[in-house]
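Trainee: Sending over final03.txt (compact mmCIF, C-alpha atoms and all ligand atoms).
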# COMPACT_ATOMS: atom_id res chain seq x y z
CA MET A 1 68.71 105.10 190.48
CA SER A 2 69.53 104.51 186.82
CA LYS A 3 72.74 102.72 185.90
CA GLY A 4 72.88 104.81 182.72
CA ILE A 5 71.62 104.49 179.16
CA VAL A 6 72.23 101.41 177.03
CA VAL A 7 71.47 101.40 173.31
CA GLN A 8 70.64 97.98 171.89
CA LYS A 9 70.29 97.37 168.16
CA TYR A 10 68.55 94.22 166.94
CA GLY A 11 69.20 93.33 163.30
CA GLY A 12 66.78 91.73 160.87
CA THR A 13 68.19 88.27 161.64
CA SER A 14 67.12 88.72 165.30
CA VAL A 15 63.53 89.62 164.47
CA THR A 16 62.62 87.18 161.72
CA ASP A 17 59.20 86.31 163.17
CA ILE A 18 56.83 86.91 166.09
CA GLY A 19 58.58 84.28 168.23
CA ARG A 20 61.88 86.09 167.86
CA ILE A 21 60.27 89.48 168.53
CA LYS A 22 58.95 88.06 171.81
CA SER A 23 62.44 86.84 172.77
CA VAL A 24 63.95 90.23 171.95
CA ALA A 25 61.23 91.85 174.10
CA LYS A 26 62.26 89.63 177.04
CA ARG A 27 65.91 90.51 176.61
CA VAL A 28 65.14 94.24 176.48
CA VAL A 29 62.89 94.03 179.55
CA ASN A 30 65.62 92.15 181.46
CA THR A 31 68.06 94.98 180.71
CA ARG A 32 65.51 97.55 181.89
CA ARG A 33 64.82 95.59 185.06
CA ALA A 34 68.55 95.37 185.73
CA GLY A 35 68.42 99.15 186.22
CA TYR A 36 69.40 100.57 182.82
CA GLU A 37 67.52 103.07 180.70
CA VAL A 38 67.09 101.31 177.37
CA VAL A 39 66.84 102.67 173.84
CA VAL A 40 66.24 99.96 171.26
CA ILE A 41 66.93 100.31 167.55
CA VAL A 42 65.26 97.69 165.45
CA SER A 43 65.72 96.58 161.84
CA ALA A 44 62.98 95.34 159.55
CA LEU A 45 61.84 91.74 160.02
CA GLY A 46 64.16 89.22 158.31
CA HIS A 47 64.48 89.97 154.59
CA THR A 48 61.70 92.58 154.51
CA THR A 49 63.91 95.29 152.98
CA ASP A 50 64.89 92.98 150.09
CA LYS A 51 61.25 92.03 149.57
CA LEU A 52 60.19 95.68 149.46
CA ILE A 53 62.90 96.40 146.88
CA ASP A 54 61.64 93.44 144.80
CA LEU A 55 58.11 94.85 144.89
CA ALA A 56 59.35 98.20 143.62
CA MET A 57 61.38 96.48 140.88
CA LYS A 58 58.21 94.76 139.66
CA ILE A 59 56.90 98.20 138.80
CA THR A 60 60.07 99.85 137.51
CA THR A 61 63.80 99.09 137.54
CA SER A 62 64.53 102.73 138.28
CA PRO A 63 62.06 103.88 140.94
CA PRO A 64 62.34 107.49 142.13
CA ASP A 65 64.72 107.41 145.12
CA ARG A 66 62.33 109.47 147.25
CA GLU A 67 59.55 106.94 146.80
CA LEU A 68 61.94 104.05 147.41
CA ASP A 69 62.80 105.58 150.80
CA MET A 70 59.11 106.05 151.64
CA LEU A 71 58.66 102.36 150.93
CA LEU A 72 61.79 100.98 152.64
CA SER A 73 61.28 102.95 155.85
CA THR A 74 58.00 101.10 156.47
CA GLY A 75 59.87 97.84 157.22
CA GLU A 76 61.46 99.26 160.36
CA GLN A 77 58.25 101.05 161.36
CA MET A 78 56.45 97.73 161.42
CA SER A 79 59.03 95.91 163.56
CA SER A 80 59.32 98.75 166.08
CA ALA A 81 55.57 98.85 166.69
CA LEU A 82 55.44 95.05 167.06
CA LEU A 83 58.32 95.11 169.54
CA ALA A 84 56.61 97.83 171.59
CA MET A 85 53.49 95.65 171.77
CA ALA A 86 55.53 92.62 172.86
CA ILE A 87 57.17 94.67 175.64
CA HIS A 88 53.78 95.95 176.83
CA LYS A 89 52.55 92.40 176.99
CA LEU A 90 55.41 91.67 179.43
CA GLY A 91 54.14 94.44 181.70
CA GLN A 92 56.78 97.06 180.89
CA ASP A 93 56.09 100.48 179.41
CA ALA A 94 57.49 101.08 175.93
CA ILE A 95 56.91 103.54 173.10
CA SER A 96 57.97 103.27 169.46
CA PHE A 97 58.99 106.04 167.08
CA THR A 98 60.06 106.55 163.48
CA GLY A 99 63.42 108.19 162.85
CA ALA A 100 61.72 111.45 161.90
CA GLN A 101 59.70 111.51 165.13
CA VAL A 102 62.83 111.37 167.26
CA GLY A 103 64.46 114.22 165.40
CA ILE A 104 66.96 112.38 163.18
CA VAL A 105 67.66 115.04 160.55
CA THR A 106 69.54 114.00 157.41
CA ASP A 107 70.69 115.57 154.18
CA GLY A 108 68.51 114.96 151.12
CA SER A 109 70.48 112.15 149.47
CA PHE A 110 67.78 109.50 149.35
CA THR A 111 68.81 105.85 149.87
CA LYS A 112 72.18 106.86 151.38
CA ALA A 113 71.40 109.92 153.47
CA ARG A 114 73.86 111.31 156.01
CA ILE A 115 72.75 112.31 159.50
CA ILE A 116 73.30 116.02 160.03
CA ASP A 117 71.62 116.53 163.38
CA ILE A 118 69.68 114.71 166.08
CA ASN A 119 67.38 116.39 168.53
CA ALA A 120 67.01 113.72 171.20
CA LYS A 121 64.67 115.72 173.45
CA ARG A 122 61.70 113.44 172.90
CA ILE A 123 63.72 110.31 173.67
CA GLU A 124 65.08 111.86 176.86
CA GLU A 125 61.57 112.84 178.00
CA GLU A 126 60.27 109.33 177.44
CA LEU A 127 63.22 107.76 179.25
CA LYS A 128 62.56 110.04 182.22
CA LYS A 129 59.01 108.64 182.37
CA GLY A 130 60.59 105.21 182.83
CA ARG A 131 59.70 103.98 179.36
CA ILE A 132 61.72 101.82 177.03
CA VAL A 133 62.17 103.79 173.82
CA ILE A 134 62.12 101.94 170.51
CA VAL A 135 63.34 103.68 167.39
CA ALA A 136 62.86 102.41 163.85
CA GLY A 137 66.39 102.02 162.47
CA PHE A 138 67.84 103.02 159.10
CA GLN A 139 65.85 106.24 158.63
CA GLY A 140 65.47 109.93 159.24
CA ALA A 141 63.89 112.93 157.57
CA SER A 142 65.47 115.68 155.52
CA VAL A 143 65.08 119.34 156.39
CA ASN A 144 62.20 119.35 153.88
CA GLN A 145 60.45 116.61 155.90
CA ASP A 146 61.03 113.95 153.26
CA ILE A 147 61.69 110.49 154.68
CA THR A 148 65.21 109.28 153.94
CA THR A 149 67.11 106.03 154.54
CA LEU A 150 70.74 105.66 155.62
CA GLY A 151 72.03 102.96 153.24
CA ARG A 152 71.88 99.18 153.67
CA GLY A 153 72.69 98.10 157.20
CA GLY A 154 71.78 101.65 158.29
CA SER A 155 70.20 100.59 161.59
CA ASN A 156 73.76 100.25 162.84
CA LEU A 157 74.29 103.93 162.11
CA THR A 158 71.04 104.91 163.86
CA ALA A 159 72.25 103.00 166.91
CA VAL A 160 75.72 104.54 167.02
CA ALA A 161 74.41 108.05 166.40
CA LEU A 162 71.80 107.78 169.15
CA ALA A 163 74.36 106.27 171.53
CA LYS A 164 76.52 109.33 170.90
CA VAL A 165 73.85 112.00 171.45
CA LEU A 166 72.42 110.22 174.49
CA ASN A 167 75.91 109.67 175.89
CA ALA A 168 75.09 105.99 176.31
CA LYS A 169 77.36 103.68 178.33
CA MET A 170 77.43 101.15 175.51
CA CYS A 171 76.06 100.61 172.03
CA GLU A 172 75.20 96.91 171.79
CA MET A 173 74.79 95.44 168.30
CA CYS A 174 72.74 92.32 168.92
CA THR A 175 72.87 89.90 166.03
CA ASP A 176 72.73 86.23 165.00
CA VAL A 177 76.44 85.56 165.69
CA GLU A 178 78.30 85.78 169.00
CA GLY A 179 80.52 88.63 167.87
CA VAL A 180 82.94 89.50 165.11
CA PHE A 181 84.82 86.41 163.95
CA THR A 182 88.18 85.93 162.26
CA ALA A 183 86.15 85.16 159.10
CA ASP A 184 82.48 84.74 158.24
CA PRO A 185 81.51 81.66 160.32
CA ARG A 186 79.26 80.55 157.46
CA ILE A 187 82.38 80.10 155.30
CA VAL A 188 85.03 79.05 157.82
CA LYS A 189 83.73 76.51 160.30
CA ASN A 190 86.57 76.97 162.81
CA ALA A 191 86.55 80.78 162.67
CA ARG A 192 87.13 82.22 166.14
CA LYS A 193 85.32 85.02 167.93
CA ILE A 194 87.55 88.07 168.39
CA ASP A 195 87.36 89.61 171.88
CA LYS A 196 88.67 93.08 171.03
CA LEU A 197 89.07 95.01 167.79
CA SER A 198 90.15 98.56 167.00
CA TYR A 199 87.75 100.84 165.11
CA GLU A 200 90.20 100.91 162.19
CA GLU A 201 90.26 97.14 161.83
CA MET A 202 86.50 96.83 162.14
CA PHE A 203 86.03 99.59 159.59
CA GLU A 204 88.29 97.80 157.12
CA LEU A 205 86.71 94.38 157.74
CA ALA A 206 83.22 95.82 157.26
CA SER A 207 84.21 97.80 154.15
CA LEU A 208 85.86 94.73 152.67
CA GLY A 209 82.78 92.55 153.00
CA ALA A 210 82.23 91.38 156.60
CA GLN A 211 78.57 92.29 156.64
CA VAL A 212 78.17 92.17 160.43
CA LEU A 213 78.40 95.99 160.79
CA GLN A 214 77.83 98.85 158.35
CA PRO A 215 81.12 100.69 157.58
CA ARG A 216 79.57 104.13 157.98
CA SER A 217 78.45 103.30 161.49
CA ILE A 218 82.03 102.47 162.48
CA GLU A 219 83.36 105.63 160.92
CA PHE A 220 80.88 107.53 163.08
CA ALA A 221 81.75 105.53 166.21
CA MET A 222 85.47 106.12 165.62
CA LYS A 223 84.99 109.85 165.17
CA PHE A 224 83.10 110.22 168.43
CA GLY A 225 84.62 107.36 170.43
CA VAL A 226 81.32 105.47 170.84
CA PRO A 227 82.05 102.06 172.43
CA ILE A 228 80.48 99.15 170.52
CA HIS A 229 79.74 95.64 171.73
CA VAL A 230 78.78 93.17 168.99
CA ARG A 231 77.02 90.24 170.66
CA SER A 232 74.42 87.55 170.26
CA SER A 233 70.71 88.32 170.53
CA PHE A 234 70.16 84.80 171.78
CA SER A 235 72.55 84.59 174.73
CA ASN A 236 74.20 86.77 177.34
CA LYS A 237 77.76 85.79 176.43
CA LEU A 238 80.29 88.56 175.96
CA GLY A 239 80.89 89.31 172.29
CA THR A 240 83.41 91.63 170.61
CA ILE A 241 84.31 95.03 172.01
CA ILE A 242 85.26 97.63 169.40
CA SER A 243 87.27 100.54 170.73
CA LYS A 244 90.37 102.69 170.19
CA GLU A 245 93.58 100.93 169.24
CA VAL A 246 95.73 99.88 172.20
CA LYS A 247 99.33 98.71 172.13
CA ALA A 248 98.44 95.11 173.02
CA MET A 249 96.49 94.76 169.75
CA GLU A 250 99.66 94.99 167.69
CA HIS A 251 101.01 91.54 168.40
CA ILE A 252 98.33 89.95 166.26
CA VAL A 253 99.41 90.51 162.67
CA VAL A 254 96.19 89.49 160.92
CA SER A 255 92.94 89.82 162.83
CA GLY A 256 90.49 88.73 160.16
CA VAL A 257 89.74 87.70 156.58
CA ALA A 258 86.88 89.19 154.56
CA LEU A 259 85.23 88.27 151.27
CA ASN A 260 83.30 90.49 148.88
CA LYS A 261 81.52 88.84 145.96
CA ASN A 262 79.65 91.94 144.85
CA GLU A 263 82.30 93.62 142.75
CA ALA A 264 82.88 93.55 139.00
CA LYS A 265 85.97 94.31 136.96
CA VAL A 266 85.83 96.73 134.03
CA THR A 267 88.68 97.00 131.51
CA ILE A 268 89.17 99.81 129.03
CA CYS A 269 91.39 98.36 126.30
CA ASP A 270 94.05 100.10 124.22
CA VAL A 271 94.18 103.30 126.23
CA PRO A 272 96.76 105.76 124.80
CA ASP A 273 99.74 105.82 127.20
CA LYS A 274 100.05 109.59 127.67
CA PRO A 275 100.09 111.93 130.67
CA GLY A 276 96.62 113.04 131.77
CA ILE A 277 94.71 110.07 130.38
CA ALA A 278 94.14 108.30 133.72
CA ALA A 279 93.01 111.58 135.22
CA LYS A 280 90.50 112.03 132.40
CA ILE A 281 89.10 108.49 132.74
CA PHE A 282 88.64 108.58 136.49
CA LYS A 283 87.34 112.16 136.57
CA ASP A 284 84.61 111.24 134.12
CA ILE A 285 83.73 108.16 136.16
CA ALA A 286 83.71 110.09 139.43
CA LYS A 287 81.31 112.61 137.88
CA GLU A 288 78.74 109.80 137.72
CA ASN A 289 79.12 109.30 141.48
CA ILE A 290 80.72 105.89 141.00
CA ASN A 291 83.15 104.62 143.65
CA VAL A 292 86.13 102.95 142.03
CA ASP A 293 87.92 100.41 144.19
CA MET A 294 91.06 98.71 142.81
CA ILE A 295 92.87 99.97 139.70
CA ILE A 296 95.62 98.44 137.58
CA GLN A 297 97.29 99.72 134.49
CA ASN A 298 99.48 97.36 132.52
CA VAL A 299 102.88 98.34 131.15
CA SER A 300 102.58 99.56 127.61
CA ARG A 301 104.85 98.20 124.90
CA THR A 302 103.12 99.70 121.89
CA GLY A 303 102.07 103.12 123.21
CA ALA A 304 98.67 101.79 124.33
CA THR A 305 97.73 99.97 127.51
CA ASP A 306 94.75 98.32 129.22
CA VAL A 307 93.30 99.95 132.33
CA SER A 308 91.26 97.72 134.66
CA PHE A 309 89.35 98.69 137.76
CA THR A 310 86.68 97.27 140.04
CA VAL A 311 83.34 98.77 141.10
CA MET A 312 80.37 97.59 143.14
CA GLY A 313 78.04 95.33 141.14
CA SER A 314 75.15 97.72 141.77
CA GLU A 315 77.05 100.48 139.96
CA LEU A 316 78.16 98.33 137.02
CA ASN A 317 75.62 99.53 134.45
CA LYS A 318 76.40 103.18 135.13
CA THR A 319 80.12 102.37 134.97
CA ILE A 320 79.94 100.60 131.61
CA LYS A 321 78.16 103.56 130.10
CA ALA A 322 80.61 106.10 131.55
CA SER A 323 83.60 103.96 130.48
CA LYS A 324 82.35 103.62 126.91
CA ASP A 325 81.78 107.36 126.72
CA VAL A 326 85.25 108.22 127.98
CA ALA A 327 86.89 105.50 125.83
CA GLY A 328 85.36 107.19 122.78
CA LYS A 329 86.62 110.61 123.82
CA ILE A 330 90.23 109.52 124.43
CA GLY A 331 90.51 107.21 121.43
CA ALA A 332 90.71 103.97 123.44
CA GLY A 333 89.33 100.58 122.34
CA ASP A 334 86.65 98.22 123.70
CA VAL A 335 85.28 98.10 127.22
CA THR A 336 85.08 94.59 128.68
CA VAL A 337 83.41 93.40 131.87
CA ASP A 338 84.20 90.51 134.22
CA LYS A 339 81.57 89.74 136.86
CA ASP A 340 83.18 86.47 137.80
CA ILE A 341 85.42 87.93 140.52
CA ALA A 342 85.67 88.00 144.30
CA LYS A 343 87.84 90.14 146.53
CA VAL A 344 89.51 88.42 149.45
CA SER A 345 91.22 90.62 152.03
CA ILE A 346 93.17 90.38 155.25
CA VAL A 347 93.11 93.08 157.92
CA GLY A 348 95.24 93.73 160.97
CA ILE A 349 96.95 96.66 162.70
CA GLY A 350 99.93 94.40 163.44
CA MET A 351 100.75 94.58 159.71
CA LYS A 352 102.13 98.06 160.30
CA SER A 353 105.09 96.56 162.13
CA HIS A 354 105.49 93.12 160.46
CA SER A 355 106.94 92.29 157.07
CA GLY A 356 106.30 89.35 154.75
CA VAL A 357 102.55 89.31 155.39
CA ALA A 358 101.65 89.81 151.72
CA ALA A 359 104.01 87.04 150.67
CA ASP A 360 102.33 84.63 153.12
CA MET A 361 98.91 85.55 151.76
CA PHE A 362 100.02 84.98 148.14
CA GLU A 363 101.62 81.69 149.14
CA ALA A 364 98.38 80.51 150.77
CA LEU A 365 96.59 81.14 147.46
CA ALA A 366 99.36 79.58 145.37
CA GLU A 367 99.26 76.40 147.48
CA LYS A 368 95.61 75.97 146.44
CA SER A 369 96.40 76.91 142.80
CA ILE A 370 94.28 80.05 143.09
CA ASN A 371 95.35 82.68 140.58
CA ILE A 372 95.56 86.32 141.71
CA GLU A 373 94.15 88.79 139.18
CA MET A 374 94.69 92.07 141.04
CA ILE A 375 96.37 93.13 144.28
CA SER A 376 96.06 96.22 146.45
CA THR A 377 97.61 97.01 149.79
CA SER A 378 97.42 99.70 152.45
CA GLU A 379 98.87 100.06 155.93
CA ILE A 380 96.51 97.61 157.63
CA LYS A 381 95.03 95.57 154.77
CA ILE A 382 95.87 93.51 151.68
CA SER A 383 93.29 92.56 149.05
CA CYS A 384 93.45 90.14 146.12
CA ILE A 385 90.96 89.63 143.31
CA VAL A 386 90.40 85.97 142.45
CA LYS A 387 87.79 84.03 140.47
CA LYS A 388 84.40 84.21 142.18
CA SER A 389 84.02 80.43 142.41
CA LEU A 390 87.33 80.25 144.31
CA GLY A 391 86.56 83.08 146.75
CA GLU A 392 85.44 80.91 149.66
CA ALA A 393 88.30 78.44 149.19
CA ALA A 394 90.67 81.42 149.20
CA VAL A 395 89.24 82.65 152.53
CA ARG A 396 89.70 79.19 154.08
CA ALA A 397 93.26 78.84 152.77
CA ILE A 398 94.29 82.24 154.14
CA HIS A 399 92.54 81.66 157.47
CA GLU A 400 94.49 78.42 157.82
CA LYS A 401 97.82 79.93 156.71
CA PHE A 402 97.73 82.63 159.38
CA GLY A 403 96.56 80.20 162.07
CA LEU A 404 93.54 82.37 162.85
CA ALA A 405 91.55 79.55 164.43
CA LYS A 406 94.10 79.55 167.26
CA SER A 407 95.47 83.11 167.51
CA LYS A 408 94.09 84.96 170.49
CA ARG A 409 93.72 88.63 171.18
P1 LIG B 501 71.84 91.69 161.40
O1 LIG B 501 70.55 91.19 160.86
O2 LIG B 501 71.96 91.48 162.87
O3 LIG B 501 72.17 93.08 160.97
P2 LIG B 501 73.64 90.66 159.38
O4 LIG B 501 73.07 89.48 158.67
O5 LIG B 501 73.62 91.97 158.69
O6 LIG B 501 72.94 90.72 160.81
O7 LIG B 501 75.15 90.36 159.83
C1 LIG B 501 75.46 89.20 160.56
C2 LIG B 501 76.07 88.18 159.61
O8 LIG B 501 77.33 88.67 159.17
C3 LIG B 501 76.40 86.88 160.29
O9 LIG B 501 75.32 85.97 160.24
C4 LIG B 501 77.61 86.37 159.51
O10 LIG B 501 77.32 85.30 158.67
C5 LIG B 501 78.05 87.57 158.67
N1 LIG B 501 79.49 87.82 158.80
C6 LIG B 501 80.35 88.05 157.76
N2 LIG B 501 81.60 88.19 158.18
C7 LIG B 501 81.56 88.08 159.53
C8 LIG B 501 82.56 88.12 160.56
N3 LIG B 501 83.86 88.36 160.28
N4 LIG B 501 82.18 87.95 161.84
C9 LIG B 501 80.88 87.74 162.14
N5 LIG B 501 79.89 87.67 161.22
C10 LIG B 501 80.22 87.84 159.93
N1 LIG B 502 66.66 96.91 156.98
C1 LIG B 502 67.80 97.60 156.43
C2 LIG B 502 68.62 96.67 155.57
O1 LIG B 502 68.26 95.52 155.40
C3 LIG B 502 68.64 98.28 157.47
C4 LIG B 502 69.29 97.36 158.48
O2 LIG B 502 68.89 96.20 158.63
O3 LIG B 502 70.21 97.81 159.15
O4 LIG B 502 69.62 97.07 155.03
MG MG B 503 72.89 93.99 159.18
Mind converting the file's structure to structure tokens?
Ligand code: ADP
Ligand code: ASP
Ligand code: MG
Mentor:
Amino acid sequence: MSKGIVVQKYGGTSVTDIGRIKSVAKRVVNTRRAGYEVVVIVSALGHTTDKLIDLAMKITTSPPDRELDMLLSTGEQMSSALLAMAIHKLGQDAISFTGAQVGIVTDGSFTKARIIDINAKRIEEELKKGRIVIVAGFQGASVNQDITTLGRGGSNLTAVALAKVLNAKMCEMCTDVEGVFTADPRIVKNARKIDKLSYEEMFELASLGAQVLQPRSIEFAMKFGVPIHVRSSFSNKLGTIISKEVKAMEHIVVSGVALNKNEAKVTICDVPDKPGIAAKIFKDIAKENINVDMIIQNVSRTGATDVSFTVMGSELNKTIKASKDVAGKIGAGDVTVDKDIAKVSIVGIGMKSHSGVAADMFEALAEKSINIEMISTSEIKISCIVKKSLGEAAVRAIHEKFGLAKSKR
């Protein structure tokens, strides 16, 4: 009698080499032998995806997105076949598939495709035969049968989406840390593992730079109520459970600190201070499919003002071009760029009902003489832009100020 379906995702850090693949195989087989039906989603080995991108860049800096997806999807195909072999070697039946083979249908936006449908019939048939099913993460196929990928970290999305259609008991994200911590443990040595987080908080932490889960996968999990357990690939300890918000979560004001060093600040100088100008600037930028993050507009004293905003580093070149074009059209001045920035953010649902949190964050930075260049706030988060070289010190100062090493949820 089956105890139900468990989806386990193993990230690239858990399958860096053959030794690690063999350990993952053992872990998967143990879960199967404990009576669960197991569907495994696997990422490409270690830094394979980055290496594949580097290869493409040696040919051209702007490869066709379709061909990039053909290339990148091979990383996950390789690790899933190797894992299937390692499971066979342990005497358990397993079968590996690409995303397309298990009916993951996406739209046609290469490199960041959205899942539009999953036909899980094949997976269900294989599970019924008693097999462990392994699915290459991060990929699907469009209705035209072109291979697509789901954006960096996309194996998380494959896992959550399959957990949903298979009605799995749990979606386990097995990784190289023991769960989600109050800050990146590589930066803050005394960061503490969080036992429980709401989808909203995890979504914000991930969007603001905590790389442990892909934001889109949490959005999906939140929409369909898929329970997530982030845990270590190397032990059986309980990790972090991500679920719907419950009342008890509110007493912790700040649950975590995140750092993003991949943004850049663009300033359009001497922008005429007239109604409709901001709309014009940001409409033109949006037309180029650029996501703008923080925006500030200074007070004008002379009828002209500077408008600054941040974008992802990978979209900087497009943004500079679009900004120069629009600056010309509206009679603004130069466009300047600052890549030397980092965004440090705090997240917590308790912020909804506590005041003075922003002031404490600013004070933590002031105590370390860290200057704040931009600020943005929302109901459950506060972000500050600081100099890139001070980003990690800022995370440590804030972590300390809010006593996160000791707070317990
Ligand atoms: P995987 O290969 O399993 O997908 P990633 O490297 O993508 O793993 O994500 C795990 C890494 O995320 C950890 O090694 C850790 O350094 C980093 N990280 C950043 N912020 C956090 C956080 N708040 N909690 C846990 N890990 C974090
Ligand atoms: N291999 C892909 C990446 O590095 C997908 C993933 O690991 O989730 O982004
Ligand atoms: Mg990852």
Trainee: Would you pick out the contacts of Ala366 in chain A at 10 Å or less, using all atoms listed in the file, so that residues sharing its chain but fewer than 6 positions from it are not included, and give the list as a PyMOL selection string?
Mentor: chain A and resi 360+372+394+397
Trainee: Adding 3 Å on each side of the box along x, y and z that holds all listed atoms of ligand LIG 501 (chain B), could you give its centre and edge lengths in Å to one decimal, as JSON?
Mentor:
{"center_x": 77.2, "center_y": 89.2, "center_z": 160.3, "size_x": 19.3, "size_y": 13.8, "size_z": 11.1}
Trainee: Write out as JSON lines the residues of chain A that have any atom within 7 Å of an atom of ligand LIG 501 (chain B), one row each with the nearest atom pair and its distance in Å to one decimal, counting all atoms listed in the file, sorted by chain and then rising number.
Mentor:
{"residue": "A:Tyr10", "atom": "CA", "partner": "B:LIG501", "partner_atom": "O2", "distance": 6.0}
{"residue": "A:Gly11", "atom": "CA", "partner": "B:LIG501", "partner_atom": "O2", "distance": 3.4}
{"residue": "A:Gly12", "atom": "CA", "partner": "B:LIG501", "partner_atom": "O1", "distance": 3.8}
{"residue": "A:Thr13", "atom": "CA", "partner": "B:LIG501", "partner_atom": "O1", "distance": 3.8}
{"residue": "A:Ser14", "atom": "CA", "partner": "B:LIG501", "partner_atom": "O2", "distance": 6.1}
{"residue": "A:Gly153", "atom": "CA", "partner": "B:LIG501", "partner_atom": "O3", "distance": 6.3}
{"residue": "A:Cys174", "atom": "CA", "partner": "B:LIG501", "partner_atom": "O2", "distance": 6.2}
{"residue": "A:Thr175", "atom": "CA", "partner": "B:LIG501", "partner_atom": "O2", "distance": 3.6}
{"residue": "A:Asp176", "atom": "CA", "partner": "B:LIG501", "partner_atom": "O9", "distance": 5.4}
{"residue": "A:Val177", "atom": "CA", "partner": "B:LIG501", "partner_atom": "C3", "distance": 5.6}
{"residue": "A:Gly179", "atom": "CA", "partner": "B:LIG501", "partner_atom": "C9", "distance": 5.8}
{"residue": "A:Val180", "atom": "CA", "partner": "B:LIG501", "partner_atom": "N4", "distance": 3.7}
{"residue": "A:Phe181", "atom": "CA", "partner": "B:LIG501", "partner_atom": "N4", "distance": 3.7}
{"residue": "A:Thr182", "atom": "CA", "partner": "B:LIG501", "partner_atom": "N3", "distance": 5.3}
{"residue": "A:Ala183", "atom": "CA", "partner": "B:LIG501", "partner_atom": "N3", "distance": 4.1}
{"residue": "A:Asp184", "atom": "CA", "partner": "B:LIG501", "partner_atom": "N2", "distance": 3.6}
{"residue": "A:Pro185", "atom": "CA", "partner": "B:LIG501", "partner_atom": "O10", "distance": 5.8}
{"residue": "A:Arg186", "atom": "CA", "partner": "B:LIG501", "partner_atom": "O10", "distance": 5.3}
{"residue": "A:Gly209", "atom": "CA", "partner": "B:LIG501", "partner_atom": "N2", "distance": 6.9}
{"residue": "A:Ala210", "atom": "CA", "partner": "B:LIG501", "partner_atom": "N2", "distance": 3.6}
{"residue": "A:Gln211", "atom": "CA", "partner": "B:LIG501", "partner_atom": "O8", "distance": 4.6}
{"residue": "A:Val212", "atom": "CA", "partner": "B:LIG501", "partner_atom": "O7", "distance": 3.6}
{"residue": "A:Leu213", "atom": "CA", "partner": "B:LIG501", "partner_atom": "O7", "distance": 6.6}
{"residue": "A:Gly256", "atom": "CA", "partner": "B:LIG501", "partner_atom": "N3", "distance": 6.6}
{"residue": "A:Val257", "atom": "CA", "partner": "B:LIG501", "partner_atom": "N3", "distance": 7.0}
{"residue": "A:Ala258", "atom": "CA", "partner": "B:LIG501", "partner_atom": "N2", "distance": 6.5}
Trainee: Taking all atoms listed in the file into account, which residues have an atom no farther than 9 Å from ligand LIG 502 (chain B)? I'd like them as a PyMOL selection string.
Mentor: chain A and resi 10-13+42-50+72-73+75-76+137-139+149-158+213-214
Trainee: CA of Glu201 in chain A and CA of Met351 in chain A, how far apart in Å?
Mentor: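 Taking CA of Met351 in chain A and CA of Glu201 in chain A, their separation equals 11.0 Å.
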Trainee: Mind giving me the straight-line distance from CA of Gly333 in chain A to CA of Val271 in chain A in Å, one decimal?
Mentor: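 Distance reported for this atom pair: 6.8 Å.
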Trainee: Could you pull the residues within 12 Å of Arg396 in chain A, counting only C-alpha atoms, minus those fewer than 6 positions along the same chain, as a PyMOL selection string?
Mentor: chain A and resi 182-191+256-259+344-346+361+364-365+367-368+370+390+402-405
Trainee: To one decimal place in Å, what is the distance between CA of Met78 in chain A and CA of Asn236 in chain A?
Mentor: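 That distance, rounded to one decimal, is 26.2 Å.
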Trainee: Identify the residues around (71.3, 110.2, 167.1) within a radius of 12 Å, measuring from only C-alpha atoms in the coordinates stated by the file, and give them as a VMD selection string.
Mentor: chain A and resid 7 39 41 99 to 106 114 to 124 135 to 140 155 to 168 171 217 220 to 221 224 226
Trainee: Between A:Phe234, A:Lys9, A:Ile95, A:Ser353, which one has atoms that come closest to ligand MG 503 (chain B), using all atoms listed in the file?
Mentor: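 The closest residue to ligand MG 503 (chain B) is A:Lys9.
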Trainee: With distances taken over all atoms listed in the file, which of A:Ala81, A:Ile341, A:Met173, A:Ala113 is nearest to ligand MG 503 (chain B)?
Mentor: A:Met173
Trainee: Using only C-alpha atoms, which residue out of A:Leu55, A:Ile330, A:Ala264, A:Val311 lies closest to Ile281 in chain A?
Mentor: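 Of all the options, A:Ile330 lies closest to Ile281 in chain A.
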Trainee: At a cut-off of 12 Å, can you tabulate as CSV every residue of range 186-277 of chain A near range 283-295 of chain A together with its closest atom pair and the distance in Å to one decimal, using all atoms listed in the file and ordering rows by chain then number?
Mentor:
residue,atom,partner,partner_atom,distance
A:Ser207,CA,A:Asp293,CA,10.9
A:Leu208,CA,A:Asp293,CA,10.4
A:Asn260,CA,A:Asp293,CA,11.9
A:Asn262,CA,A:Asp293,CA,11.9
A:Glu263,CA,A:Asp293,CA,8.9
A:Ala264,CA,A:Asp293,CA,10.0
A:Lys265,CA,A:Met294,CA,8.9
A:Val266,CA,A:Ile295,CA,9.6
A:Thr267,CA,A:Ile295,CA,9.7
A:Ile268,CA,A:Ile295,CA,11.3
A:Gly276,CA,A:Lys283,CA,10.5
A:Ile277,CA,A:Lys283,CA,9.8
Trainee: Which is closest to Gly331 in chain A among A:Ile380, A:Ala248, A:Ile147, A:Ala304, if we use only C-alpha atoms?
Mentor: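 Answer, going by the shortest atom-to-atom distance: A:Ala304.
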Trainee: For a quick check of your reading of the model, name the residues lying within 12 Å of the coordinate (102.7, 100.5, 121.3), counting all atoms listed in the file, and write them as a list of chain:residue names.
Mentor: A:Asp270, A:Val271, A:Pro272, A:Asp273, A:Lys274, A:Val299, A:Ser300, A:Arg301, A:Thr302, A:Gly303, A:Ala304, A:Thr305, A:Asp306
Trainee: Calculated over only C-alpha atoms, which of the candidates A:Ala332, A:Ile241, A:Ile228, A:Met70 has the smallest distance to Asp195 in chain A?
Mentor: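 With only C-alpha atoms as the atom set, the closest residue is A:Ile241.
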